[in-house]
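Structure first, commentary second.
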Amino acid sequence: MISYLEFEKPVAAIDAKIAELRAAAGEDGDVDISRELARLERKSAELLAQAYSSLTPWQKTQVARHPARPHFRDYVAHMFSDFMPLGGDRLYGDDLAIMGGLATLDGRRVMLIGHEKGHDTESRIRHNFGMGKPEGYRKAIRLMEMADRFGLPVVTLVDTSGAFPGIEAEERGQAEAIARSTEACLALGVPMVAAIVGEGGSGGAVALASAERVLMFEHAVYSVISPEGCASILWRTAEKAPQAAEAMKMTAQDLLDLGVIDRIVPEPMGGAHRDPEGACAALAAALGEELDALARRDGASLRRTREERFLAIGEGLAR
């Protein structure tokens, strides 16, 4: 069953009528409802297309956070084969908010790392809602260094509201772990492609997205702070989150214009949560193209590309 967002209420009303009509037809098989059903389905598709053709930054934030949106485990299931999870940071423990391991993408052997938010209450608590702790980022560093030693390209799937802000994370060196993870990305001698697949929040996202190629789903968001957090600081109320989202330029379209990301990956109509397999297919194709384009580059060239792209971001913002 689809969970409708606030701006999708007109679509929800039509879909409810379609469901009622089908239920009534099932009770009385003599009534021909095909024409009326087709009309309502066309109307639903038109309303959905209309709504998604002009989403505001705040509405895109809601889509990026949709509970049914694909997460790390879904991408592993639909896009990768031979996934071998690797856990632990060899210093403190394992963090299930950040997962990773060896995997194969259409015949390409890669090191896959990403955030996992979970799908229900139990799994979301187990994965800490995708908010990584220091041991998670140190695990990512370990896996990136392993990939570098064995000449494997690194693919990261970013989907987090931010790194875990709890006191225990701070006691274990959260800021240092995030900084070291960012440093590890920039120092890699193998290709690295990052994809913002949902929320890209703050340093918790940058620590896995400092790649030479950064992709972003059409309705994903990427920012230094959540709209609610920004509004709470500037206006002292989270109710101004829609205005904050507009000002922060956090959508894929804005970030492509600013040079923060390199490519937008289209989503199925109505968002990735309506057709996870279609979204995964589009992302797999885009990742494959980027990895093939980077395959012949040497380590020095890759590191120079990362340095240049991040310096260019600052120049673009200055203009």
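Here's how to read the names in the structure tokens: chain A, B, ... by the order shown, residue numbers from 1 in each chain, ligand numbers from 1 in the order shown.
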
query = Quick one: residues within 7 Å of Val11 in chain A, only C-alpha atoms counted, chain neighbours fewer than 2 positions away excluded, as a list in words?
reply = Glu8, Lys9, Ala13, Ile14, Asp15, Ser44, Leu47 and Leu48 of chain A

request  = List the neighbours of Val158 in chain A out to 12 Å using only C-alpha atoms; skip same-chain residues closer than 6 positions along the sequence, and give me the result as a PyMOL selection string.
outcome  = chain A and resi 64+70-72+75+97-100+112-117+130-132+193-211+214-217+220-222

Residue subset to file, keeping N, CA and C atoms, as a short mmCIF file (atom, residue, chain, number, x, y, z; two decimals), in the first residue's frame:
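For reference, selection_6.cif as written:
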data_model
loop_
_atom_site.label_atom_id
_atom_site.label_comp_id
_atom_site.auth_asym_id
_atom_site.auth_seq_id
_atom_site.Cartn_x
_atom_site.Cartn_y
_atom_site.Cartn_z
N ALA A 64 12.38 12.56 -0.65
CA ALA A 64 13.66 11.94 -0.30
C ALA A 64 13.58 11.16 1.01
N PRO A 70 13.73 3.18 -1.59
CA PRO A 70 14.74 2.13 -1.49
C PRO A 70 15.90 2.53 -0.59
N HIS A 71 16.42 1.58 0.16
CA HIS A 71 17.57 1.80 1.02
C HIS A 71 18.71 0.87 0.60
N PHE A 72 19.79 0.90 1.34
CA PHE A 72 21.00 0.18 0.96
C PHE A 72 20.72 -1.28 0.62
N TYR A 75 19.10 -1.72 -2.78
CA TYR A 75 20.03 -1.55 -3.90
C TYR A 75 20.92 -2.78 -4.05
N ALA A 97 24.46 1.34 10.85
CA ALA A 97 23.97 2.49 10.08
C ALA A 97 24.76 2.64 8.80
N ILE A 98 26.02 2.22 8.81
CA ILE A 98 26.87 2.25 7.63
C ILE A 98 27.28 0.82 7.33
N MET A 99 26.91 0.34 6.15
CA MET A 99 27.21 -1.03 5.76
C MET A 99 28.13 -1.03 4.55
N GLY A 100 28.81 -2.15 4.35
CA GLY A 100 29.70 -2.22 3.21
C GLY A 100 30.23 -3.62 2.99
N LEU A 112 31.52 -1.72 -2.08
CA LEU A 112 30.26 -0.99 -1.91
C LEU A 112 30.10 -0.57 -0.45
N ILE A 113 29.80 0.72 -0.24
CA ILE A 113 29.60 1.27 1.10
C ILE A 113 28.38 2.18 1.07
N GLY A 114 27.56 2.13 2.11
CA GLY A 114 26.40 3.02 2.11
C GLY A 114 25.66 3.04 3.44
N HIS A 115 24.75 3.98 3.54
CA HIS A 115 23.90 4.13 4.73
C HIS A 115 22.67 3.25 4.61
N GLU A 116 22.26 2.65 5.70
CA GLU A 116 21.03 1.86 5.76
C GLU A 116 20.14 2.44 6.85
N LYS A 117 18.93 2.87 6.47
CA LYS A 117 18.01 3.48 7.43
C LYS A 117 17.06 2.47 8.07
N GLY A 130 19.99 5.26 10.00
CA GLY A 130 21.00 5.66 9.02
C GLY A 130 21.97 6.72 9.50
N MET A 131 21.98 7.00 10.80
CA MET A 131 22.90 8.01 11.34
C MET A 131 24.16 7.31 11.86
N GLY A 132 25.24 7.46 11.11
CA GLY A 132 26.46 6.76 11.42
C GLY A 132 27.15 7.23 12.69
N VAL A 193 32.90 6.58 -7.07
CA VAL A 193 31.67 7.20 -7.53
C VAL A 193 30.68 7.17 -6.38
N ALA A 194 30.15 8.34 -6.02
CA ALA A 194 29.18 8.44 -4.93
C ALA A 194 27.81 8.78 -5.51
N ALA A 195 26.76 8.24 -4.89
CA ALA A 195 25.40 8.53 -5.32
C ALA A 195 24.57 8.96 -4.12
N ILE A 196 23.98 10.15 -4.20
CA ILE A 196 23.06 10.61 -3.16
C ILE A 196 21.70 10.04 -3.54
N VAL A 197 21.23 9.05 -2.80
CA VAL A 197 20.01 8.33 -3.19
C VAL A 197 18.78 8.77 -2.41
N GLY A 198 18.96 9.49 -1.33
CA GLY A 198 17.85 9.98 -0.52
C GLY A 198 18.22 11.31 0.09
N GLU A 199 18.49 11.30 1.38
CA GLU A 199 19.00 12.49 2.06
C GLU A 199 20.52 12.48 2.07
N GLY A 200 21.11 13.62 1.77
CA GLY A 200 22.55 13.78 1.96
C GLY A 200 22.74 14.85 3.01
N GLY A 201 22.85 14.45 4.25
CA GLY A 201 22.84 15.40 5.34
C GLY A 201 24.20 15.66 5.95
N SER A 202 24.69 16.88 5.86
CA SER A 202 25.83 17.38 6.61
C SER A 202 27.10 16.55 6.38
N GLY A 203 28.02 16.61 7.37
CA GLY A 203 29.28 15.88 7.25
C GLY A 203 29.09 14.39 7.19
N GLY A 204 27.98 13.90 7.73
CA GLY A 204 27.69 12.47 7.66
C GLY A 204 27.55 11.98 6.23
N ALA A 205 27.16 12.87 5.32
CA ALA A 205 27.07 12.53 3.90
C ALA A 205 28.39 12.79 3.20
N VAL A 206 28.99 13.93 3.47
CA VAL A 206 30.25 14.31 2.80
C VAL A 206 31.33 13.25 3.05
N ALA A 207 31.32 12.64 4.23
CA ALA A 207 32.33 11.65 4.58
C ALA A 207 32.31 10.43 3.67
N LEU A 208 31.19 10.20 2.97
CA LEU A 208 31.12 9.09 2.01
C LEU A 208 30.89 9.59 0.59
N ALA A 209 30.93 10.90 0.38
CA ALA A 209 30.61 11.44 -0.94
C ALA A 209 31.70 12.32 -1.53
N SER A 210 32.90 12.27 -0.97
CA SER A 210 33.99 13.11 -1.49
C SER A 210 34.70 12.37 -2.62
N ALA A 211 33.95 12.14 -3.68
CA ALA A 211 34.42 11.35 -4.82
C ALA A 211 34.69 12.25 -6.02
N VAL A 214 30.04 12.56 -8.46
CA VAL A 214 28.94 12.52 -7.50
C VAL A 214 27.63 12.57 -8.27
N LEU A 215 26.85 11.50 -8.14
CA LEU A 215 25.54 11.40 -8.78
C LEU A 215 24.46 11.68 -7.75
N MET A 216 23.28 12.03 -8.23
CA MET A 216 22.19 12.33 -7.31
C MET A 216 20.86 11.99 -7.96
N PHE A 217 20.02 11.29 -7.22
CA PHE A 217 18.70 10.99 -7.72
C PHE A 217 17.91 12.29 -7.91
N ALA A 220 16.31 13.54 -4.71
CA ALA A 220 17.13 13.50 -3.50
C ALA A 220 17.48 14.93 -3.08
N VAL A 221 18.00 15.07 -1.86
CA VAL A 221 18.45 16.38 -1.37
C VAL A 221 19.83 16.22 -0.72
N TYR A 222 20.59 17.31 -0.73
CA TYR A 222 21.98 17.27 -0.24
C TYR A 222 22.29 18.64 0.35
#

key: Test item: residues at most 10 Å from Met269 in chain A, only C-alpha atoms, excluding those fewer than 6 positions along its chain, as JSON, numbers by chain   = {"A": [45, 48, 49, 52, 53, 275, 278, 279]}

Output N, CA and C atoms for every residue in the selection just made, as a PDB file, in the first residue's frame.
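Writing the result to part29.pdb gives the following:
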ATOM      1  N   ALA A  45      -2.828   9.352 -13.130  1.00  0.00           N
ATOM      2  CA  ALA A  45      -1.492   9.512 -13.723  1.00  0.00           C
ATOM      3  C   ALA A  45      -1.220  10.961 -14.083  1.00  0.00           C
ATOM      4  N   LEU A  48      -0.549  12.921 -10.889  1.00  0.00           N
ATOM      5  CA  LEU A  48       0.766  12.575 -10.355  1.00  0.00           C
ATOM      6  C   LEU A  48       1.868  13.267 -11.154  1.00  0.00           C
ATOM      7  N   ALA A  49       1.753  13.218 -12.478  1.00  0.00           N
ATOM      8  CA  ALA A  49       2.749  13.872 -13.332  1.00  0.00           C
ATOM      9  C   ALA A  49       2.762  15.376 -13.100  1.00  0.00           C
ATOM     10  N   TYR A  52       4.513  16.138  -9.697  1.00  0.00           N
ATOM     11  CA  TYR A  52       5.957  15.912  -9.682  1.00  0.00           C
ATOM     12  C   TYR A  52       6.717  16.755 -10.704  1.00  0.00           C
ATOM     13  N   SER A  53       5.992  17.452 -11.557  1.00  0.00           N
ATOM     14  CA  SER A  53       6.665  18.318 -12.532  1.00  0.00           C
ATOM     15  C   SER A  53       7.085  19.654 -11.927  1.00  0.00           C
ATOM     16  N   ASP A 275       8.470   2.782  -7.682  1.00  0.00           N
ATOM     17  CA  ASP A 275       9.025   1.751  -8.560  1.00  0.00           C
ATOM     18  C   ASP A 275      10.497   1.529  -8.199  1.00  0.00           C
ATOM     19  N   GLY A 278      12.718   0.019 -10.946  1.00  0.00           N
ATOM     20  CA  GLY A 278      13.027   0.959 -12.017  1.00  0.00           C
ATOM     21  C   GLY A 278      14.087   1.952 -11.603  1.00  0.00           C
ATOM     22  N   ALA A 279      13.994   2.433 -10.354  1.00  0.00           N
ATOM     23  CA  ALA A 279      14.998   3.366  -9.838  1.00  0.00           C
ATOM     24  C   ALA A 279      16.363   2.701  -9.765  1.00  0.00           C
TER      25      ALA A 279
END

request  = May I have all residues of range 52-108 of chain A that DSSP, computed from the backbone, assigns to strand (DSSP E), given as a list in words?
outcome  = Ser81, Asp82, Phe83, Met84, Pro85, Ile98, Met99, Gly100, Gly101, Leu102, Ala103, Thr104, Leu105 and Arg108 of chain A

Given the selection you just returned, output its residues as a file containing all heavy atoms, formatted as a short mmCIF file (atom, residue, chain, number, x, y, z; two decimals), in the first residue's frame.
data_model
loop_
_atom_site.label_atom_id
_atom_site.label_comp_id
_atom_site.auth_asym_id
_atom_site.auth_seq_id
_atom_site.Cartn_x
_atom_site.Cartn_y
_atom_site.Cartn_z
N SER A 81 25.43 -8.19 -7.24
CA SER A 81 25.47 -9.63 -6.98
C SER A 81 26.72 -9.96 -6.18
O SER A 81 27.63 -9.14 -6.08
CB SER A 81 25.46 -10.40 -8.31
OG SER A 81 26.57 -10.04 -9.12
N ASP A 82 26.75 -11.14 -5.62
CA ASP A 82 27.92 -11.63 -4.87
C ASP A 82 28.31 -10.67 -3.74
O ASP A 82 29.50 -10.48 -3.47
CB ASP A 82 29.13 -11.82 -5.80
CG ASP A 82 28.83 -12.76 -6.94
OD1 ASP A 82 28.11 -13.76 -6.71
OD2 ASP A 82 29.30 -12.51 -8.06
N PHE A 83 27.31 -10.06 -3.10
CA PHE A 83 27.64 -9.12 -2.02
C PHE A 83 28.17 -9.88 -0.81
O PHE A 83 27.53 -10.81 -0.32
CB PHE A 83 26.41 -8.31 -1.62
CG PHE A 83 26.67 -7.34 -0.50
CD1 PHE A 83 27.58 -6.30 -0.65
CD2 PHE A 83 26.00 -7.46 0.72
CE1 PHE A 83 27.83 -5.41 0.39
CE2 PHE A 83 26.22 -6.57 1.75
CZ PHE A 83 27.14 -5.54 1.58
N MET A 84 29.36 -9.50 -0.36
CA MET A 84 29.96 -10.09 0.82
C MET A 84 30.15 -8.99 1.87
O MET A 84 31.08 -8.19 1.78
CB MET A 84 31.32 -10.72 0.49
CG MET A 84 32.01 -11.37 1.70
SD MET A 84 33.65 -12.00 1.28
CE MET A 84 33.23 -13.32 0.15
N PRO A 85 29.24 -8.92 2.86
CA PRO A 85 29.35 -7.85 3.86
C PRO A 85 30.61 -7.99 4.71
O PRO A 85 31.02 -9.10 5.06
CB PRO A 85 28.08 -8.03 4.71
CG PRO A 85 27.67 -9.45 4.50
CD PRO A 85 28.10 -9.81 3.11
N ILE A 98 26.02 2.22 8.81
CA ILE A 98 26.87 2.25 7.63
C ILE A 98 27.28 0.82 7.33
O ILE A 98 27.90 0.16 8.17
CB ILE A 98 28.11 3.14 7.83
CG1 ILE A 98 27.68 4.58 8.06
CG2 ILE A 98 29.05 3.04 6.63
CD1 ILE A 98 28.82 5.54 8.33
N MET A 99 26.91 0.34 6.15
CA MET A 99 27.21 -1.03 5.76
C MET A 99 28.13 -1.03 4.55
O MET A 99 28.23 -0.05 3.82
CB MET A 99 25.90 -1.78 5.45
CG MET A 99 24.91 -1.77 6.61
SD MET A 99 23.43 -2.75 6.28
CE MET A 99 24.13 -4.40 6.26
N GLY A 100 28.81 -2.15 4.35
CA GLY A 100 29.70 -2.22 3.21
C GLY A 100 30.23 -3.62 2.99
O GLY A 100 30.06 -4.50 3.82
N GLY A 101 30.86 -3.78 1.84
CA GLY A 101 31.45 -5.06 1.52
C GLY A 101 31.76 -5.18 0.04
O GLY A 101 31.53 -4.25 -0.74
N LEU A 102 32.29 -6.32 -0.34
CA LEU A 102 32.61 -6.59 -1.74
C LEU A 102 31.33 -6.92 -2.50
O LEU A 102 30.44 -7.59 -1.97
CB LEU A 102 33.59 -7.75 -1.83
CG LEU A 102 34.93 -7.55 -1.12
CD1 LEU A 102 35.68 -8.87 -1.01
CD2 LEU A 102 35.77 -6.51 -1.86
N ALA A 103 31.24 -6.45 -3.73
CA ALA A 103 30.04 -6.69 -4.53
C ALA A 103 30.40 -6.62 -6.01
O ALA A 103 31.48 -6.18 -6.39
CB ALA A 103 28.95 -5.68 -4.20
N THR A 104 29.47 -7.07 -6.83
CA THR A 104 29.65 -7.04 -8.28
C THR A 104 28.50 -6.27 -8.91
O THR A 104 27.33 -6.55 -8.64
CB THR A 104 29.69 -8.47 -8.87
OG1 THR A 104 30.74 -9.21 -8.25
CG2 THR A 104 29.93 -8.43 -10.37
N LEU A 105 28.84 -5.28 -9.75
CA LEU A 105 27.87 -4.48 -10.47
C LEU A 105 28.02 -4.76 -11.97
O LEU A 105 28.96 -4.28 -12.60
CB LEU A 105 28.07 -2.99 -10.19
CG LEU A 105 27.20 -2.02 -10.98
CD1 LEU A 105 25.72 -2.19 -10.61
CD2 LEU A 105 27.64 -0.57 -10.75
N ARG A 108 31.40 -5.85 -12.85
CA ARG A 108 32.48 -5.02 -12.30
C ARG A 108 32.59 -5.29 -10.80
O ARG A 108 31.64 -5.05 -10.06
CB ARG A 108 32.21 -3.54 -12.53
CG ARG A 108 31.92 -3.15 -13.98
CD ARG A 108 31.47 -1.70 -14.05
NE ARG A 108 30.97 -1.34 -15.35
CZ ARG A 108 29.72 -1.51 -15.76
NH1 ARG A 108 28.83 -2.08 -14.94
NH2 ARG A 108 29.33 -1.12 -16.95
#

message = Excluding Arg180 in chain A and its own-chain neighbours fewer than 2 positions away, which residues fall within 9 Å of it when counting only C-alpha atoms? Please give them as a PyMOL selection string.
response = chain A and resi 137-138+141+175-178+182-185+207

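Every protein or nucleic acid residue with an atom no more than 9 Å from Ser3 in chain A, counting only C-alpha atoms and leaving out same-chain residues fewer than 2 positions away, appears here: Met1, Leu5, His66, Pro67 and Ala68 of chain A.
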
task = Select, from A:Glu41, A:Asp298, A:Glu122, A:Glu135, the residue with the minimum atom-to-atom distance to Leu96 in chain A, counting only C-alpha atoms.
result =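 Distance minimum relative to Leu96 in chain A lands on A:Glu135.
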
query = When DSSP works through the backbone of this structure, what residues of range 155-237 of chain A end up as helix (DSSP H, G or I), shown as a ChimeraX atom specification?
reply = /A:167-171,174-187,202-209,227-234
